[in-house]
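Asks: One file: work-v2.cif (mmCIF, C-alpha atoms).
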```cif
data_final
#
loop_
_atom_site.label_atom_id
_atom_site.label_comp_id
_atom_site.auth_asym_id
_atom_site.auth_seq_id
_atom_site.Cartn_x
_atom_site.Cartn_y
_atom_site.Cartn_z
CA MET A 246 -58.74 17.35 -71.71
CA THR A 247 -55.20 17.50 -70.30
CA ALA A 248 -52.48 18.85 -72.57
CA SER A 249 -49.63 16.52 -73.43
CA GLY A 250 -46.87 16.68 -70.79
CA ALA A 251 -49.00 18.59 -68.25
CA ALA A 252 -48.36 15.96 -65.59
CA ALA A 253 -44.67 16.86 -65.61
CA VAL A 254 -45.35 20.57 -64.97
CA PRO A 255 -45.32 21.48 -61.26
CA SER A 256 -48.21 23.40 -59.76
CA PHE A 257 -47.57 25.93 -57.01
CA GLU A 258 -48.62 29.18 -55.35
CA PHE A 259 -46.35 32.00 -54.21
CA THR A 260 -47.03 35.18 -52.21
CA ALA A 261 -44.27 37.75 -51.64
CA LEU A 262 -44.04 39.33 -48.17
CA PRO A 263 -43.96 43.14 -47.79
CA TYR A 264 -40.83 44.00 -45.82
CA ARG A 265 -37.80 46.19 -46.54
CA VAL A 266 -34.17 45.04 -46.19
CA LEU A 267 -30.99 47.07 -45.83
CA PHE A 268 -27.87 44.86 -46.07
CA GLY A 269 -24.22 45.81 -45.79
CA VAL A 270 -21.48 47.03 -43.48
CA GLY A 271 -22.30 50.02 -41.29
CA THR A 272 -26.01 49.99 -42.13
CA ALA A 273 -26.94 50.39 -38.43
CA ALA A 274 -26.18 54.10 -38.88
CA ARG A 275 -29.31 54.34 -41.06
CA VAL A 276 -31.74 53.39 -38.29
CA ALA A 277 -32.90 56.95 -37.52
CA GLY A 278 -33.57 57.53 -41.21
CA GLU A 279 -35.69 54.39 -41.33
CA VAL A 280 -37.77 55.63 -38.38
CA GLY A 281 -38.42 58.81 -40.34
CA ARG A 282 -39.23 56.89 -43.52
CA LEU A 283 -42.01 55.11 -41.61
CA GLY A 284 -43.35 58.47 -40.45
CA ARG A 285 -42.63 57.66 -36.79
CA SER A 286 -40.93 59.70 -34.09
CA ARG A 287 -41.12 57.85 -30.74
CA VAL A 288 -38.94 54.73 -30.44
CA LEU A 289 -39.02 52.00 -27.82
CA LEU A 290 -35.63 50.28 -28.06
CA LEU A 291 -35.56 46.55 -27.32
CA ALA A 292 -32.39 44.63 -26.47
CA SER A 293 -31.16 42.06 -23.97
CA GLY A 294 -28.66 42.29 -21.17
CA GLU A 295 -26.03 40.29 -23.06
CA ILE A 296 -25.72 42.92 -25.78
CA ALA A 297 -26.26 46.12 -23.80
CA GLU A 298 -23.27 47.69 -25.56
CA LEU A 299 -24.89 47.25 -28.97
CA GLY A 300 -28.11 48.62 -27.54
CA ASP A 301 -26.17 51.69 -26.42
CA ARG A 302 -24.78 52.09 -29.93
CA VAL A 303 -28.20 51.96 -31.54
CA ALA A 304 -29.61 54.31 -28.90
CA ALA A 305 -26.88 56.80 -29.80
CA GLU A 306 -27.82 56.57 -33.48
CA LEU A 307 -31.46 57.22 -32.59
CA GLY A 308 -30.70 60.17 -30.32
CA PRO A 309 -33.86 62.00 -29.13
CA LEU A 310 -36.07 59.62 -31.13
CA CYS A 311 -35.51 57.01 -28.39
CA VAL A 312 -38.13 57.63 -25.69
CA GLY A 313 -37.83 54.30 -23.87
CA ARG A 314 -35.78 51.15 -23.58
CA PHE A 315 -36.39 47.58 -22.43
CA ASP A 316 -33.43 45.20 -22.05
CA GLY A 317 -35.31 42.20 -20.69
CA ALA A 318 -36.06 40.19 -23.86
CA ALA A 319 -36.04 36.46 -23.07
CA MET A 320 -35.78 33.21 -25.01
CA HIS A 321 -39.02 31.70 -26.38
CA THR A 322 -40.91 35.01 -25.83
CA PRO A 323 -42.62 34.38 -22.46
CA VAL A 324 -45.90 36.26 -22.21
CA ASP A 325 -45.05 37.69 -18.77
CA VAL A 326 -41.97 39.40 -20.27
CA THR A 327 -44.10 40.80 -23.09
CA GLU A 328 -46.48 42.28 -20.52
CA LYS A 329 -43.60 44.15 -18.85
CA ALA A 330 -42.49 45.59 -22.19
CA MET A 331 -46.09 46.49 -23.02
CA ALA A 332 -46.27 48.64 -19.90
CA ILE A 333 -43.25 50.66 -21.07
CA LEU A 334 -44.62 50.93 -24.61
CA GLU A 335 -47.85 52.38 -23.28
CA GLU A 336 -46.14 54.66 -20.77
CA THR A 337 -43.80 56.18 -23.38
CA ARG A 338 -46.46 56.31 -26.14
CA ALA A 339 -43.92 54.81 -28.55
CA ASP A 340 -45.09 54.45 -32.14
CA VAL A 341 -42.26 52.17 -33.35
CA VAL A 342 -40.09 49.51 -31.75
CA VAL A 343 -36.45 49.10 -32.74
CA ALA A 344 -35.10 45.67 -31.75
CA VAL A 345 -31.39 44.91 -31.71
CA GLY A 346 -30.35 41.33 -30.98
CA GLY A 347 -31.34 37.79 -31.88
CA GLY A 348 -34.54 35.82 -31.97
CA SER A 349 -35.52 36.81 -28.42
CA THR A 350 -35.67 40.55 -29.12
CA THR A 351 -37.27 39.96 -32.52
CA GLY A 352 -39.92 37.77 -30.89
CA LEU A 353 -40.64 40.45 -28.30
CA ALA A 354 -41.00 43.11 -31.00
CA LYS A 355 -43.45 40.87 -32.84
CA ALA A 356 -45.42 40.17 -29.67
CA LEU A 357 -45.80 43.92 -29.10
CA ALA A 358 -46.77 44.49 -32.73
CA VAL A 359 -49.50 41.85 -32.78
CA ARG A 360 -51.04 43.38 -29.65
CA THR A 361 -50.80 47.05 -30.63
CA GLY A 362 -50.05 47.37 -34.35
CA VAL A 363 -46.81 49.22 -33.59
CA ASP A 364 -44.23 49.32 -36.43
CA GLN A 365 -40.99 47.34 -36.13
CA ILE A 366 -37.40 47.89 -37.25
CA ILE A 367 -35.13 44.91 -36.53
CA LEU A 368 -31.32 44.91 -36.38
CA PRO A 369 -30.31 41.23 -36.12
CA THR A 370 -27.09 40.26 -34.36
CA THR A 371 -27.54 36.51 -34.86
CA TYR A 372 -28.67 34.29 -37.72
CA ALA A 373 -32.17 33.49 -36.43
CA GLY A 374 -34.03 34.55 -39.60
CA SER A 375 -37.29 35.17 -37.74
CA GLU A 376 -37.02 38.88 -38.53
CA VAL A 377 -38.36 38.26 -42.04
CA THR A 378 -41.27 35.99 -41.14
CA PRO A 379 -44.90 36.61 -40.13
CA VAL A 380 -44.52 33.87 -37.49
CA LEU A 381 -44.61 34.43 -33.74
CA GLY A 382 -43.90 31.77 -31.12
CA GLU A 383 -44.84 32.61 -27.53
CA THR A 384 -44.50 30.56 -24.35
CA VAL A 385 -47.54 30.34 -22.07
CA ASP A 386 -47.57 28.08 -18.99
CA GLY A 387 -44.61 26.07 -20.25
CA ARG A 388 -46.04 25.49 -23.74
CA LYS A 389 -44.83 27.24 -26.86
CA GLN A 390 -47.67 28.34 -29.11
CA THR A 391 -47.06 29.48 -32.68
CA ARG A 392 -49.17 31.62 -34.96
CA SER A 393 -48.76 33.18 -38.38
CA ASP A 394 -50.14 36.66 -39.01
CA LEU A 395 -48.98 39.46 -41.32
CA ALA A 396 -49.45 41.81 -38.36
CA VAL A 397 -46.26 40.43 -36.80
CA LEU A 398 -44.08 40.91 -39.89
CA PRO A 399 -41.50 43.68 -39.29
CA GLU A 400 -41.59 46.67 -41.61
CA THR A 401 -37.79 47.03 -41.96
CA VAL A 402 -34.80 44.77 -41.32
CA ILE A 403 -31.34 46.31 -41.13
CA TYR A 404 -28.61 43.71 -41.62
CA ASP A 405 -25.27 45.14 -40.52
CA VAL A 406 -22.47 42.60 -40.92
CA GLU A 407 -20.46 44.48 -38.30
CA LEU A 408 -23.08 43.73 -35.63
CA SER A 409 -23.04 39.99 -36.30
CA ARG A 410 -19.22 39.90 -36.25
CA ARG A 411 -19.39 40.28 -32.46
CA LEU A 412 -21.34 37.03 -32.09
CA PRO A 413 -19.02 34.46 -30.41
CA VAL A 414 -18.09 31.49 -32.59
CA PRO A 415 -20.07 28.84 -30.63
CA MET A 416 -23.21 30.95 -30.92
CA ALA A 417 -22.47 31.80 -34.55
CA VAL A 418 -22.32 28.09 -35.41
CA THR A 419 -25.52 27.10 -33.59
CA SER A 420 -27.35 30.15 -34.90
CA GLY A 421 -26.16 29.31 -38.41
CA VAL A 422 -27.41 25.72 -38.13
CA ASN A 423 -30.72 27.06 -36.83
CA ALA A 424 -31.00 29.07 -40.06
CA LEU A 425 -29.90 26.04 -42.08
CA ALA A 426 -32.88 24.13 -40.67
CA HIS A 427 -35.30 26.70 -42.13
CA ALA A 428 -33.86 26.20 -45.61
CA VAL A 429 -33.73 22.41 -45.37
CA GLU A 430 -37.37 22.11 -44.35
CA ALA A 431 -38.42 24.58 -47.03
CA LEU A 432 -37.19 22.18 -49.72
CA TYR A 433 -39.71 19.50 -48.76
CA SER A 434 -42.56 21.73 -47.61
CA PRO A 435 -45.98 21.14 -49.23
CA GLN A 436 -45.85 24.83 -50.26
CA ALA A 437 -42.44 24.52 -51.94
CA ASN A 438 -42.07 26.33 -55.26
CA PRO A 439 -39.23 27.26 -57.64
CA VAL A 440 -38.64 30.66 -56.02
CA VAL A 441 -38.33 29.22 -52.51
CA ASP A 442 -36.21 26.32 -53.80
CA GLY A 443 -33.73 28.85 -55.18
CA TRP A 444 -33.64 30.80 -51.93
CA ALA A 445 -33.20 27.60 -49.92
CA THR A 446 -30.30 26.17 -51.92
CA ASP A 447 -28.57 29.57 -51.97
CA ALA A 448 -29.07 29.86 -48.21
CA ILE A 449 -27.67 26.36 -47.57
CA THR A 450 -24.63 27.10 -49.74
CA HIS A 451 -23.81 30.33 -47.89
CA LEU A 452 -24.57 28.94 -44.45
CA GLY A 453 -22.60 25.74 -45.00
CA ARG A 454 -19.58 27.74 -46.15
CA GLY A 455 -19.89 30.20 -43.27
CA ILE A 456 -20.33 27.54 -40.58
CA ARG A 457 -17.33 25.65 -41.92
CA ARG A 458 -15.08 28.74 -41.96
CA VAL A 459 -16.13 30.80 -38.95
CA PRO A 460 -14.19 28.84 -36.28
CA GLY A 461 -10.92 29.65 -38.08
CA ALA A 462 -11.81 33.17 -39.20
CA PRO A 463 -14.27 34.60 -36.65
CA ALA A 464 -13.61 38.27 -37.50
CA ASP A 465 -13.63 37.88 -41.29
CA LEU A 466 -16.36 40.10 -42.74
CA GLY A 467 -16.76 37.82 -45.77
CA VAL A 468 -17.46 34.82 -43.54
CA ARG A 469 -19.95 36.78 -41.46
CA ALA A 470 -21.58 38.12 -44.63
CA ASP A 471 -22.03 34.52 -45.85
CA LEU A 472 -23.77 33.62 -42.61
CA LEU A 473 -25.93 36.75 -42.53
CA ARG A 474 -26.97 36.45 -46.18
CA GLY A 475 -27.77 32.78 -45.67
CA ALA A 476 -29.80 33.60 -42.56
CA TRP A 477 -31.82 36.24 -44.43
CA LEU A 478 -32.60 33.84 -47.28
CA ALA A 479 -33.39 30.96 -44.92
CA GLY A 480 -35.67 33.19 -42.87
CA THR A 481 -37.39 34.28 -46.07
CA CYS A 482 -38.03 30.59 -46.80
CA LEU A 483 -39.45 30.15 -43.31
CA GLY A 484 -41.82 33.05 -43.91
CA ALA A 485 -42.97 31.78 -47.31
CA VAL A 486 -43.71 28.10 -46.69
CA GLY A 487 -44.69 25.78 -43.86
CA MET A 488 -42.25 23.81 -41.75
CA GLY A 489 -42.36 20.16 -40.64
CA LEU A 490 -41.10 17.75 -38.01
CA HIS A 491 -37.86 19.56 -37.25
CA HIS A 492 -39.48 22.80 -36.15
CA LYS A 493 -42.19 20.99 -34.21
CA LEU A 494 -39.54 19.04 -32.28
CA CYS A 495 -37.55 22.17 -31.49
CA HIS A 496 -40.60 24.11 -30.34
CA VAL A 497 -41.51 21.28 -27.99
CA LEU A 498 -37.98 20.86 -26.64
CA GLY A 499 -37.50 24.58 -26.17
CA GLY A 500 -40.94 25.65 -24.98
CA SER A 501 -41.69 22.68 -22.71
CA PHE A 502 -38.24 21.67 -21.47
CA GLY A 503 -36.36 24.97 -21.55
CA LEU A 504 -33.61 23.91 -23.95
CA PRO A 505 -31.65 26.67 -25.71
CA HIS A 506 -33.24 27.47 -29.06
CA ALA A 507 -30.36 27.52 -31.57
CA ALA A 508 -28.38 24.72 -29.90
CA THR A 509 -31.47 22.50 -29.96
CA HIS A 510 -31.87 23.06 -33.70
CA THR A 511 -28.20 22.18 -34.11
CA VAL A 512 -28.50 18.85 -32.31
CA VAL A 513 -31.81 17.80 -33.86
CA LEU A 514 -31.36 18.75 -37.53
CA PRO A 515 -29.13 15.86 -38.72
CA HIS A 516 -31.51 13.33 -37.15
CA VAL A 517 -34.60 14.87 -38.77
CA ILE A 518 -32.79 14.88 -42.13
CA ALA A 519 -32.10 11.15 -41.71
CA TYR A 520 -35.72 10.52 -40.64
CA ASN A 521 -37.20 12.33 -43.67
CA ALA A 522 -34.61 11.26 -46.25
CA PRO A 523 -36.49 8.17 -47.53
CA ALA A 524 -39.55 10.32 -48.28
CA ALA A 525 -37.76 13.42 -49.58
CA ALA A 526 -34.87 12.09 -51.64
CA ALA A 527 -34.65 14.97 -54.13
CA ALA A 528 -34.64 17.56 -51.35
CA MET A 529 -31.87 15.72 -49.50
CA ASP A 530 -29.78 15.45 -52.65
CA ALA A 531 -30.13 19.23 -53.03
CA VAL A 532 -29.03 19.75 -49.40
CA ALA A 533 -26.00 17.49 -49.85
CA ALA A 534 -24.97 19.27 -53.05
CA ALA A 535 -25.34 22.72 -51.49
CA VAL A 536 -23.29 21.75 -48.42
CA GLY A 537 -20.76 19.92 -50.58
CA VAL A 538 -21.09 16.49 -48.95
CA PRO A 539 -22.05 13.02 -50.26
CA ASP A 540 -24.96 12.52 -47.83
CA ALA A 541 -27.13 15.21 -46.24
CA ALA A 542 -27.64 13.70 -42.76
CA THR A 543 -24.07 12.56 -42.09
CA GLY A 544 -22.66 15.64 -43.83
CA VAL A 545 -24.62 18.09 -41.68
CA PHE A 546 -23.75 16.05 -38.58
CA ALA A 547 -20.04 16.26 -39.48
CA LEU A 548 -20.40 20.01 -40.10
CA VAL A 549 -21.81 20.38 -36.59
CA VAL A 550 -19.19 18.20 -34.90
CA ASP A 551 -16.25 19.68 -36.82
CA SER A 552 -17.38 23.18 -35.84
CA GLY A 553 -17.34 22.26 -32.15
CA ALA A 554 -21.10 22.66 -31.71
CA PRO A 555 -23.25 20.58 -29.32
CA ARG A 556 -24.18 17.16 -30.66
CA SER A 557 -26.52 15.75 -27.98
CA LEU A 558 -29.67 16.75 -26.13
CA ARG A 559 -28.10 15.23 -23.04
CA GLY A 560 -25.32 17.81 -23.30
CA LEU A 561 -27.97 20.56 -23.42
CA GLY A 562 -29.49 19.37 -20.13
CA MET A 563 -32.36 17.21 -21.41
CA ARG A 564 -33.29 14.39 -19.04
CA GLU A 565 -33.66 10.95 -20.57
CA ALA A 566 -36.79 10.48 -18.47
CA ASP A 567 -38.47 13.36 -20.37
CA LEU A 568 -38.07 11.87 -23.84
CA ASP A 569 -41.38 9.97 -23.69
CA GLU A 570 -43.30 13.12 -22.77
CA ALA A 571 -41.55 15.01 -25.57
CA ALA A 572 -42.56 12.34 -28.10
CA ASP A 573 -46.17 12.55 -26.88
CA LEU A 574 -46.22 16.32 -27.36
CA VAL A 575 -44.69 16.09 -30.84
CA VAL A 576 -47.33 13.66 -32.14
CA ALA A 577 -50.28 15.27 -30.33
CA THR A 578 -51.13 17.67 -33.18
CA PRO A 579 -51.11 16.71 -36.88
CA TYR A 580 -48.88 18.79 -39.19
CA PRO A 581 -47.36 18.33 -42.65
CA ASN A 582 -44.17 16.30 -42.98
CA PRO A 583 -42.87 14.23 -45.91
CA ARG A 584 -42.63 11.08 -43.79
CA PRO A 585 -45.63 10.19 -41.58
CA ILE A 586 -45.20 11.08 -37.91
CA ASP A 587 -44.98 7.80 -36.02
CA ARG A 588 -44.52 7.96 -32.24
CA PRO A 589 -42.10 5.01 -31.91
CA ALA A 590 -39.97 6.40 -34.74
CA VAL A 591 -40.03 9.92 -33.27
CA LEU A 592 -39.04 8.53 -29.89
CA GLY A 593 -36.16 6.69 -31.57
CA LEU A 594 -35.07 9.93 -33.24
CA LEU A 595 -35.16 11.72 -29.87
CA ARG A 596 -33.15 8.96 -28.19
CA ALA A 597 -30.48 9.15 -30.90
CA ALA A 598 -30.34 12.95 -30.59
CA TRP A 599 -30.21 12.67 -26.80
CA ALA A 600 -27.23 10.31 -27.01
CA GLY A 601 -25.48 12.30 -29.74
CA GLU A 602 -25.28 9.33 -32.13
CA GLU A 603 -24.26 9.86 -35.73
CA PRO A 604 -27.34 9.43 -37.96
CA ALA A 605 -27.33 6.74 -40.61
CA ALA A 606 -26.57 7.70 -44.19
CA ARG A 607 -29.25 7.17 -46.81
CA ARG A 608 -28.70 3.84 -48.54
CA SER A 609 -27.44 4.02 -52.10
CA ALA A 610 -30.46 2.00 -53.21
CA ASP A 611 -32.69 4.89 -52.07
CA ARG A 612 -30.88 7.44 -54.24
#
```
Here is the file; what I need is its structure written in the form of structure tokens.

Replies:
Amino acid sequence: MTASGAAAVPSFEFTALPYRVLFGVGTAARVAGEVGRLGRSRVLLLASGEIAELGDRVAAELGPLCVGRFDGAAMHTPVDVTEKAMAILEETRADVVVAVGGGSTTGLAKALAVRTGVDQIILPTTYAGSEVTPVLGETVDGRKQTRSDLAVLPETVIYDVELSRRLPVPMAVTSGVNALAHAVEALYSPQANPVVDGWATDAITHLGRGIRRVPGAPADLGVRADLLRGAWLAGTCLGAVGMGLHHKLCHVLGGSFGLPHAATHTVVLPHVIAYNAPAAAAAMDAVAAAVGVPDAATGVFALVVDSGAPRSLRGLGMREADLDEAADLVVATPYPNPRPIDRPAVLGLLRAAWAGEEPAARRSADR
């Protein structure tokens, strides 16, 4: 027999992930101590050419603990790049990788960890959020393949607001919208629960405020702290629940057509919000309230445009002739999404994103 009112009580599952976070200003100076806390002594430092100076700074903090360095991390974690880093890991007999940078270096660290079991310490310089997830996306033969495995979850994440302050404003905005997408999709995930809902709305609030303010105050530590805190919370959402249409679209566009990761998220997100709005009304109302706008889709689109971020796939180099193939790839594999995945509708979404059109607001009758 069902107790009175039981139908109104939500049912959910929640599993916390075992990682350690250090957050603040100047926390990069604690990296050597974190290596010792893990009981490790031989560091392979991962970075990318664009942030070699920050890599030098972290190498100086590590001192003799750093026995090797690889600066070739690449977007979408190509397997051939991982193989080059693996050779250095084996040659130096490193027992921990320290990755400084964005999603590319984090992805490389994860790829090494899943192959060898090596520990990871991540120092993010962008707002990717992948540093707190057990998810790894790798590109093989032009196709991005994603897997979830606790073996790829980093042991320690060191958030130093000073490191992210160096991120140029255009990249800060697109990286912030990338993080925003994690939180938005978490709100309508089949695995959603009250804990994740709280993280997601807090993340959207901080990210929306940071994205809005960073063009006018790029060096403000408070603004950067908003973005970094939002990214951490959004990434935590990404690690706790499954994602839907938005992330599938971006994996296809990035892995198969070489589009830049964060900028692709930025262009696509408002259109996916509009697509899913009729089937996820409560989630979209929560997004709108957290951003401080009347409508989630048009409000996020305005946030993107007002911040000077890219608004079209055409502007990112996507060919109109490739949209049909992209739609085929998106619908090829079933995955959860609040609104059913319909190829003609997905193709229409892609065409609107390619052209940079403003998405339609949800009708008042749907609210």

Asks: Which residues, named as in the file, does the PyMOL selection byres ((chain A and resi 293) around 10) pick out? Answer as a count of residues only.

Replies: 20

Asks: The PyMOL selection byres ((chain A and resi 558-564) around 7) on the file shown: which residues, as a list in words?

Replies: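 Evaluating the PyMOL selection byres ((chain A and resi 558-564) around 7) on this file yields Leu504, Val512, Pro555, Ser557, Glu565, Ala566, Asp567, Ala598, Trp599 and Ala600 of chain A.
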
Asks: Those residues with C-alpha atoms, as a PDB file, keeping the file's coordinate frame please?

Replies:
```pdb
ATOM      1  CA  LEU A 504     -33.610  23.910 -23.950  1.00  0.00           C
ATOM      2  CA  VAL A 512     -28.500  18.850 -32.310  1.00  0.00           C
ATOM      3  CA  PRO A 555     -23.250  20.580 -29.320  1.00  0.00           C
ATOM      4  CA  SER A 557     -26.520  15.750 -27.980  1.00  0.00           C
ATOM      5  CA  GLU A 565     -33.660  10.950 -20.570  1.00  0.00           C
ATOM      6  CA  ALA A 566     -36.790  10.480 -18.470  1.00  0.00           C
ATOM      7  CA  ASP A 567     -38.470  13.360 -20.370  1.00  0.00           C
ATOM      8  CA  ALA A 598     -30.340  12.950 -30.590  1.00  0.00           C
ATOM      9  CA  TRP A 599     -30.210  12.670 -26.800  1.00  0.00           C
ATOM     10  CA  ALA A 600     -27.230  10.310 -27.010  1.00  0.00           C
TER      11      ALA A 600
END
```

Asks: Which residue gives the smallest distance to Ile456 of chain A among A:Ala547, A:Leu514, A:Val406, A:Ala541, with all atoms listed in the file counted?

Replies: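 Of the candidates, the smallest distance to Ile456 of chain A is held by A:Ala547.
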
Asks: Let me make sure I understand: among A:Thr401, A:Ser420, A:Thr511, A:Ser434, which one has the smallest atom-to-atom distance to Leu490 of chain A if we use all atoms listed in the file?

Replies: A:Ser434

Asks: Running the PyMOL selection byres ((chain A and resi 588-596) around 12) on this model by hand, what would come out? Give it as a PyMOL selection string.

Replies: chain A and resi 490-491+493-495+497-498+509+512-521+557-559+563-579+584-587+597-605

Asks: Quick one: which segment 278-395 of chain A residues come within 10 Å of segment 251-273 of chain A, and what is the nearest atom pair for each with the distance in Å to one decimal, counting all atoms listed in the file, rows ordered by chain and ascending number, as a Markdown table?

Replies:
```
| residue | atom | partner | partner_atom | distance |
| --- | --- | --- | --- | --- |
| A:Glu279 | CA | A:Leu267 | CA | 9.8 |
| A:Arg302 | CA | A:Ala273 | CA | 8.9 |
| A:Val303 | CA | A:Ala273 | CA | 7.2 |
| A:Glu306 | CA | A:Ala273 | CA | 8.0 |
| A:Val345 | CA | A:Ala273 | CA | 9.7 |
| A:Ile366 | CA | A:Arg265 | CA | 9.5 |
| A:Ile367 | CA | A:Val266 | CA | 9.7 |
| A:Leu368 | CA | A:Ala273 | CA | 7.3 |
| A:Glu376 | CA | A:Tyr264 | CA | 9.7 |
| A:Val377 | CA | A:Tyr264 | CA | 7.3 |
| A:Thr378 | CA | A:Leu262 | CA | 8.3 |
| A:Pro379 | CA | A:Leu262 | CA | 8.5 |
| A:Leu395 | CA | A:Leu262 | CA | 8.4 |
```

Asks: Find the residues around Asp325 of chain A up to 12 Å (only C-alpha atoms counted), leave out those fewer than 5 positions away in its own chain, and share them as a PyMOL selection string.

Replies: chain A and resi 317-319+330-332+353+356+383-387

Asks: Between A:Ala396, A:Val402, A:Val536, A:His321, single out the one closest to Val280 of chain A, counting only C-alpha atoms.

Replies: A:Val402

Asks: Would you work out the distance separating atom CA of Val414 of chain A from atom CA of Arg458 of chain A, expressed in Å to one decimal?

Replies: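 A separation of 10.2 Å between them.
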
Asks: With 8 Å on each side, where is the centre of the axis-aligned box around all listed atoms of segment 498-509 of chain A, and how long are its edges in Å to one decimal, as JSON?

Replies:
```
{"center_x": -35.0, "center_y": 24.2, "center_z": -26.5, "size_x": 29.3, "size_y": 22.7, "size_z": 26.1}
```

Asks: In Å, rounded to a single decimal, give me how far atom CA of Ser375 of chain A is from atom CA of Gly348 of chain A.

Replies: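 One can read the atom CA of Gly348 of chain A to atom CA of Ser375 of chain A distance as 6.4 Å.
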
Asks: Skipping near chain neighbours, those fewer than 5 positions away, what residues fall within 8 Å of Leu412 of chain A using only C-alpha atoms, listed as a ChimeraX atom specification?

Replies: /A:370-371,417

Asks: Can you tell me how far atom CA of Val418 of chain A sits from atom CA of Val459 of chain A, in Å to one decimal?

Replies: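 For atom CA of Val418 of chain A relative to atom CA of Val459 of chain A, the distance reads 7.6 Å.
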
Asks: Hey, which of A:Val468, A:Ala354, A:Ala277, A:Val343 ends up closest to Leu452 of chain A? Count only C-alpha atoms.

Replies: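 That would be A:Val468, the residue with the smallest distance to Leu452 of chain A.
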
Asks: Name all residues at most 10 Å from Leu310 of chain A (count all atoms listed in the file; drop same-chain ones fewer than 2 positions away) and give them as a list of chain:residue names.

Replies: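 In the requested format, the answer is A:Ala277, A:Val280, A:Gly281, A:Arg285, A:Ser286, A:Arg287, A:Val288, A:Leu289, A:Leu290, A:Ala304, A:Ala305, A:Glu306, A:Leu307, A:Gly308, A:Val312, A:Gly313, A:Ala339, A:Val341.
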